file my_file-v3.cif (mmCIF, C-alpha atoms)
data_data
loop_
_atom_site.label_atom_id
_atom_site.label_comp_id
_atom_site.auth_asym_id
_atom_site.auth_seq_id
_atom_site.Cartn_x
_atom_site.Cartn_y
_atom_site.Cartn_z
CA MET A 1 127.80 85.29 122.98
CA MET A 2 124.23 86.54 123.35
CA ARG A 3 124.85 89.12 120.62
CA ARG A 4 125.91 86.37 118.22
CA ARG A 5 122.76 84.39 118.97
CA LEU A 6 120.66 87.42 118.11
CA MET A 7 122.63 88.17 114.94
CA LEU A 8 121.99 84.76 113.39
CA PRO A 9 118.17 85.05 113.34
CA THR A 10 118.52 88.64 112.13
CA PHE A 11 120.76 87.55 109.25
CA ILE A 12 118.37 84.74 108.29
CA LEU A 13 115.43 87.15 108.38
CA LEU A 14 117.36 89.58 106.19
CA ALA A 15 118.07 86.78 103.68
CA CYS A 16 114.39 85.84 103.62
CA LEU A 17 113.32 89.43 103.09
CA THR A 18 115.81 89.80 100.26
CA ALA A 19 114.45 86.67 98.63
CA CYS A 20 110.89 87.88 99.00
CA GLN A 21 111.83 91.23 97.50
CA SER A 22 113.40 89.43 94.56
CA SER A 23 110.14 87.73 93.71
CA GLN A 24 108.31 90.90 92.73
CA VAL A 25 106.38 90.78 89.47
CA ALA A 26 108.35 91.89 86.40
CA GLY A 27 107.74 95.18 84.66
CA ASN A 28 108.91 98.71 85.34
CA GLY A 29 106.43 101.14 83.91
CA ASN A 30 108.82 102.19 81.12
CA ASP A 31 106.93 100.30 78.43
CA ALA A 32 106.59 103.38 76.18
CA ASP A 33 110.23 103.33 75.06
CA PRO A 34 111.97 99.94 74.81
CA VAL A 35 115.43 101.53 74.96
CA ASP A 36 114.57 103.36 78.18
CA ALA A 37 113.06 100.16 79.59
CA ARG A 38 116.19 98.11 78.84
CA LEU A 39 118.46 100.80 80.25
CA SER A 40 116.33 101.08 83.37
CA ALA A 41 116.30 97.29 83.78
CA GLY A 42 120.11 97.25 83.60
CA TYR A 43 120.40 99.95 86.22
CA SER A 44 117.84 98.15 88.38
CA LEU A 45 119.76 94.86 88.26
CA LEU A 46 123.05 96.60 89.03
CA HIS A 47 121.43 98.51 91.90
CA SER A 48 119.99 95.30 93.34
CA LEU A 49 123.43 93.71 93.29
CA VAL A 50 125.27 96.61 94.92
CA LYS A 51 122.49 96.96 97.48
CA ASP A 52 123.05 93.33 98.51
CA GLU A 53 126.84 93.61 98.33
CA SER A 54 126.90 96.78 100.43
CA GLY A 55 125.72 94.65 103.34
CA VAL A 56 128.05 91.68 102.79
CA ALA A 57 130.36 92.67 105.64
CA GLY A 58 127.47 92.19 108.06
CA ILE A 59 128.04 88.45 108.06
CA LEU A 60 131.43 89.08 109.68
CA SER A 61 129.63 90.00 112.90
CA VAL A 62 128.32 86.42 113.03
CA LYS A 63 131.13 84.42 111.42
CA GLN A 64 134.88 84.98 111.52
CA ALA A 65 137.32 85.21 108.65
CA SER A 66 141.02 85.97 108.45
CA ASP A 67 142.15 89.59 108.61
CA GLU A 68 143.04 89.50 104.90
CA THR A 69 139.63 88.22 103.85
CA THR A 70 137.87 90.61 106.22
CA ALA A 71 139.70 93.54 104.62
CA ILE A 72 138.62 92.46 101.13
CA ILE A 73 135.00 91.94 102.21
CA LYS A 74 134.90 95.37 103.85
CA ASP A 75 136.34 96.94 100.68
CA ILE A 76 133.67 95.19 98.58
CA ALA A 77 130.97 96.47 100.93
CA ALA A 78 132.37 100.02 100.80
CA ALA A 79 132.66 100.04 96.99
CA SER A 80 129.13 98.68 96.73
CA HIS A 81 127.77 101.24 99.18
CA ASP A 82 129.35 104.06 97.15
CA ALA A 83 127.91 102.58 93.94
CA ARG A 84 124.46 102.27 95.46
CA LYS A 85 124.46 105.95 96.39
CA GLN A 86 125.67 106.96 92.92
CA LEU A 87 123.05 104.84 91.15
CA GLU A 88 120.35 106.35 93.35
CA ALA A 89 121.62 109.83 92.43
CA PHE A 90 121.43 108.91 88.73
CA ALA A 91 117.85 107.71 89.17
CA GLN A 92 116.88 110.86 91.05
CA ALA A 93 118.31 113.01 88.25
CA ASP A 94 116.72 111.00 85.40
CA ALA A 95 113.15 109.72 85.78
CA ARG A 96 113.73 107.11 83.04
CA ILE A 97 115.94 105.16 85.46
CA VAL A 98 113.76 103.13 87.81
CA LEU A 99 115.83 101.10 90.27
CA ASP A 100 113.24 98.92 91.94
CA ARG A 101 111.88 97.00 88.95
CA PRO A 102 114.38 94.66 87.29
CA GLN A 103 112.04 93.40 84.52
CA LEU A 104 112.99 89.77 85.00
CA PRO A 105 110.52 86.95 84.42
CA GLU A 106 108.92 85.75 87.64
CA VAL A 107 110.68 82.38 87.38
CA GLU A 108 114.08 84.10 87.19
CA GLN A 109 113.28 86.25 90.21
CA SER A 110 112.10 83.19 92.17
CA THR A 111 115.23 81.29 91.19
CA ARG A 112 117.46 84.16 92.34
CA GLY A 113 115.59 84.29 95.66
CA SER A 114 116.03 80.57 96.13
CA ILE A 115 119.75 80.79 95.37
CA ALA A 116 120.12 83.68 97.83
CA LEU A 117 118.51 81.63 100.60
CA ALA A 118 120.64 78.58 99.85
CA THR A 119 123.81 80.66 99.70
CA GLY A 120 123.01 82.41 102.98
CA GLY A 121 122.33 79.08 104.66
CA GLY A 122 125.53 77.61 103.26
CA LEU A 123 127.56 80.52 104.55
CA LEU A 124 126.06 80.27 108.00
CA PHE A 125 125.89 76.54 108.54
CA ALA A 126 128.22 74.70 106.15
CA GLY A 127 131.94 74.20 106.62
CA ASP A 128 134.79 76.42 105.39
CA PHE A 129 132.97 79.72 105.75
CA GLU A 130 135.86 81.79 104.41
CA LEU A 131 136.18 79.78 101.19
CA ARG A 132 132.43 79.91 100.56
CA LEU A 133 132.33 83.64 101.25
CA LEU A 134 135.17 84.33 98.83
CA LEU A 135 133.53 82.19 96.14
CA THR A 136 130.23 84.06 96.47
CA GLN A 137 132.11 87.33 96.10
CA LEU A 138 133.96 86.07 93.06
CA ASP A 139 130.64 85.46 91.30
CA ALA A 140 129.00 88.69 92.48
CA LEU A 141 131.95 90.83 91.45
CA GLN A 142 132.13 89.27 88.01
CA TYR A 143 128.41 89.77 87.47
CA GLY A 144 128.60 93.40 88.64
CA GLN A 145 131.66 94.12 86.54
CA HIS A 146 130.03 92.88 83.36
CA MET A 147 126.61 94.36 84.11
CA ALA A 148 128.20 97.80 84.60
CA GLU A 149 130.05 97.45 81.27
CA GLN A 150 126.85 96.52 79.44
CA VAL A 151 124.83 99.35 80.98
CA ALA A 152 127.65 101.79 80.10
CA ARG A 153 127.41 100.67 76.45
CA MET A 154 123.64 101.21 76.44
CA ASP A 155 123.59 104.57 78.20
CA GLY A 156 123.83 107.61 75.95
CA ASP A 157 124.81 109.82 78.88
CA GLU A 158 128.61 110.08 78.75
CA GLU A 159 129.03 111.06 82.40
CA ARG A 160 127.05 108.03 83.62
CA SER A 161 128.78 105.74 81.13
CA GLN A 162 132.19 106.93 82.33
CA TRP A 163 131.22 106.31 85.96
CA LEU A 164 129.95 102.83 85.05
CA ARG A 165 133.22 101.97 83.30
CA GLU A 166 135.18 103.14 86.36
CA PHE A 167 132.92 101.14 88.65
CA SER A 168 133.37 98.07 86.44
CA LYS A 169 137.13 98.46 86.81
CA ARG A 170 136.78 98.84 90.59
CA TYR A 171 134.84 95.58 90.79
CA ALA A 172 137.40 93.91 88.46
CA ASP A 173 140.21 95.02 90.80
CA LEU A 174 138.32 93.68 93.82
CA ARG A 175 137.70 90.41 91.98
CA LYS A 176 141.43 90.13 91.31
CA ARG A 177 142.08 90.52 95.04
CA VAL A 178 139.57 87.75 95.79
CA ILE A 179 141.30 85.46 93.26
CA GLU A 180 144.69 86.22 94.81
CA ARG A 181 143.29 85.48 98.27
CA LEU A 182 141.84 82.19 97.08
CA ALA A 183 145.18 81.24 95.54
CA LEU A 184 146.99 81.95 98.81
CA ARG A 185 144.56 79.73 100.69
CA GLY A 186 145.36 77.03 98.12
#
call {"tool": "encode", "arguments": {"input": "my_file-v3.cif", "output": "structure tokens"}}
result
Amino acid sequence: MMRRRLMLPTFILLACLTACQSSQVAGNGNDADPVDARLSAGYSLLHSLVKDESGVAGILSVKQASDETTAIIKDIAAASHDARKQLEAFAQADARIVLDRPQLPEVEQSTRGSIALATGGGLLFAGDFELRLLLTQLDALQYGQHMAEQVARMDGDEERSQWLREFSKRYADLRKRVIERLALRG
């Protein structure tokens, strides 16, 4: 019981830190080549998503979900963790890819931070945790799937593009599992 009481403030602090990180000023230092800047921005946005999603299973230490939903959430976290590591390897191999600067207008970054805080609070304190969790994952997976497809189209590196297409399919498959789970809860 004491562990759960400590986890809640930790989760809230993590949500606040994520929101604060999201409000960084736009720009990525790749202003010399607009194509490189757009590609880097796409990778940065995808990295930000998978970084957040790789920790999604952490909420299960505070709140409980069914075994079926827990399995899906853990699979999403694992897929996202793997993607995060691969994106970081891409950035290390190619200096044009900068992962920590999404190039979004400040208002967009502030809005995303605000949504993250509201979503985290809703998951922790509102009713039907499992439904809310699955719905957040439905949105995140769709966004990641389509972002990976778009970055793959922009990237001239065939090996990275192929990995992005495979990752997009992995997120699409996970999204299908979330939809099936939601339908069973019906």
call {"tool": "closest_residue", "arguments": {"input": "my_file-v3.cif", "among": "A:Glu68, A:Asp155, A:Asp128, A:Glu166", "to": "Ala37 (chain A)", "atoms": "only C-alpha atoms"}}
result
A:Asp155
call {"tool": "closest_residue", "arguments": {"input": "my_file-v3.cif", "among": "A:His146, A:Arg132, A:His81, A:Arg165", "to": "Leu45 (chain A)", "atoms": "only C-alpha atoms"}}
result
A:His146
call {"tool": "closest_atom_pairs", "arguments": {"input": "my_file-v3.cif", "of": "region 48-126 of chain A", "to": "region 38-44 of chain A", "cutoff": "8 Å", "atoms": "only C-alpha atoms", "output": "CSV"}}
result
residue,atom,partner,partner_atom,distance
A:Ser48,CA,A:Ser44,CA,6.1
A:Leu87,CA,A:Tyr43,CA,7.4
A:Arg96,CA,A:Ser40,CA,6.6
A:Ile97,CA,A:Ser40,CA,4.6
A:Val98,CA,A:Ser40,CA,5.5
A:Leu99,CA,A:Ser44,CA,4.0
A:Asp100,CA,A:Ser44,CA,5.9
A:Arg101,CA,A:Ser44,CA,6.1
A:Pro102,CA,A:Ala41,CA,4.8
A:Gln103,CA,A:Ala41,CA,5.8
call {"tool": "write_last_selection", "arguments": {"input": "my_file-v3.cif", "atoms": "C-alpha atoms", "output": "tab-separated table (two decimals), keeping the file's coordinate frame"}}
result
chain	number	residue	atom	x	y	z
A	48	SER	CA	119.99	95.30	93.34
A	87	LEU	CA	123.05	104.84	91.15
A	96	ARG	CA	113.73	107.11	83.04
A	97	ILE	CA	115.94	105.16	85.46
A	98	VAL	CA	113.76	103.13	87.81
A	99	LEU	CA	115.83	101.10	90.27
A	100	ASP	CA	113.24	98.92	91.94
A	101	ARG	CA	111.88	97.00	88.95
A	102	PRO	CA	114.38	94.66	87.29
A	103	GLN	CA	112.04	93.40	84.52
call {"tool": "closest_residue", "arguments": {"input": "my_file-v3.cif", "among": "A:Arg175, A:Ile115, A:Asp94, A:Arg160", "to": "Gln142 (chain A)", "atoms": "all atoms listed in the file"}}
result
A:Arg175
call {"tool": "resolve_selection", "arguments": {"input": "my_file-v3.cif", "expression": "the PyMOL selection byres ((chain A and resi 124) around 10)", "output": "list in words"}}
result
Leu8, Phe11, Ile12, Ile59, Val62, Lys63, Ala118, Thr119, Gly120, Gly121, Gly122, Leu123, Phe125, Ala126, Gly127, Asp128, Phe129, Arg132 and Leu133 of chain A
call {"tool": "resolve_selection", "arguments": {"input": "my_file-v3.cif", "expression": "the PyMOL selection byres ((chain A and resi 144) around 9)", "output": "VMD selection string"}}
result
chain A and resid 45 to 46 49 to 50 139 to 143 145 to 149 167 to 168 171 to 172
call {"tool": "write_last_selection", "arguments": {"input": "my_file-v3.cif", "atoms": "C-alpha atoms", "output": "PDB file, in the coordinates of the input"}}
result
ATOM      1  CA  LEU A  45     119.760  94.860  88.260  1.00  0.00           C
ATOM      2  CA  LEU A  46     123.050  96.600  89.030  1.00  0.00           C
ATOM      3  CA  LEU A  49     123.430  93.710  93.290  1.00  0.00           C
ATOM      4  CA  VAL A  50     125.270  96.610  94.920  1.00  0.00           C
ATOM      5  CA  ASP A 139     130.640  85.460  91.300  1.00  0.00           C
ATOM      6  CA  ALA A 140     129.000  88.690  92.480  1.00  0.00           C
ATOM      7  CA  LEU A 141     131.950  90.830  91.450  1.00  0.00           C
ATOM      8  CA  GLN A 142     132.130  89.270  88.010  1.00  0.00           C
ATOM      9  CA  TYR A 143     128.410  89.770  87.470  1.00  0.00           C
ATOM     10  CA  GLN A 145     131.660  94.120  86.540  1.00  0.00           C
ATOM     11  CA  HIS A 146     130.030  92.880  83.360  1.00  0.00           C
ATOM     12  CA  MET A 147     126.610  94.360  84.110  1.00  0.00           C
ATOM     13  CA  ALA A 148     128.200  97.800  84.600  1.00  0.00           C
ATOM     14  CA  GLU A 149     130.050  97.450  81.270  1.00  0.00           C
ATOM     15  CA  PHE A 167     132.920 101.140  88.650  1.00  0.00           C
ATOM     16  CA  SER A 168     133.370  98.070  86.440  1.00  0.00           C
ATOM     17  CA  TYR A 171     134.840  95.580  90.790  1.00  0.00           C
ATOM     18  CA  ALA A 172     137.400  93.910  88.460  1.00  0.00           C
TER      19      ALA A 172
END
call {"tool": "axis_aligned_box", "arguments": {"input": "my_file-v3.cif", "around": "region 175-181 of chain A", "padding_each_side": "6 Å", "output": "lines of an AutoDock Vina configuration file"}}
result
center_x = 141.2
center_y = 88.0
center_z = 94.8
size_x = 19.0
size_y = 17.1
size_z = 19.0
call {"tool": "residues_around", "arguments": {"input": "my_file-v3.cif", "residues": "Glu180 (chain A)", "least_positions_apart": "3", "cutoff": "12 Å", "atoms": "only C-alpha atoms", "output": "list in words"}}
result
Glu68, Thr69, Ile72, Leu134, Leu135, Leu138, Asp173, Leu174, Arg175, Lys176, Arg177, Ala183, Leu184, Arg185 and Gly186 of chain A
call {"tool": "atom_distance", "arguments": {"input": "my_file-v3.cif", "atom1": "CA of Lys51 (chain A)", "atom2": "CA of Asp36 (chain A)"}}
result
21.8 Å
call {"tool": "atom_distance", "arguments": {"input": "my_file-v3.cif", "atom1": "CA of Thr136 (chain A)", "atom2": "CA of Ile73 (chain A)"}}
result
10.9 Å
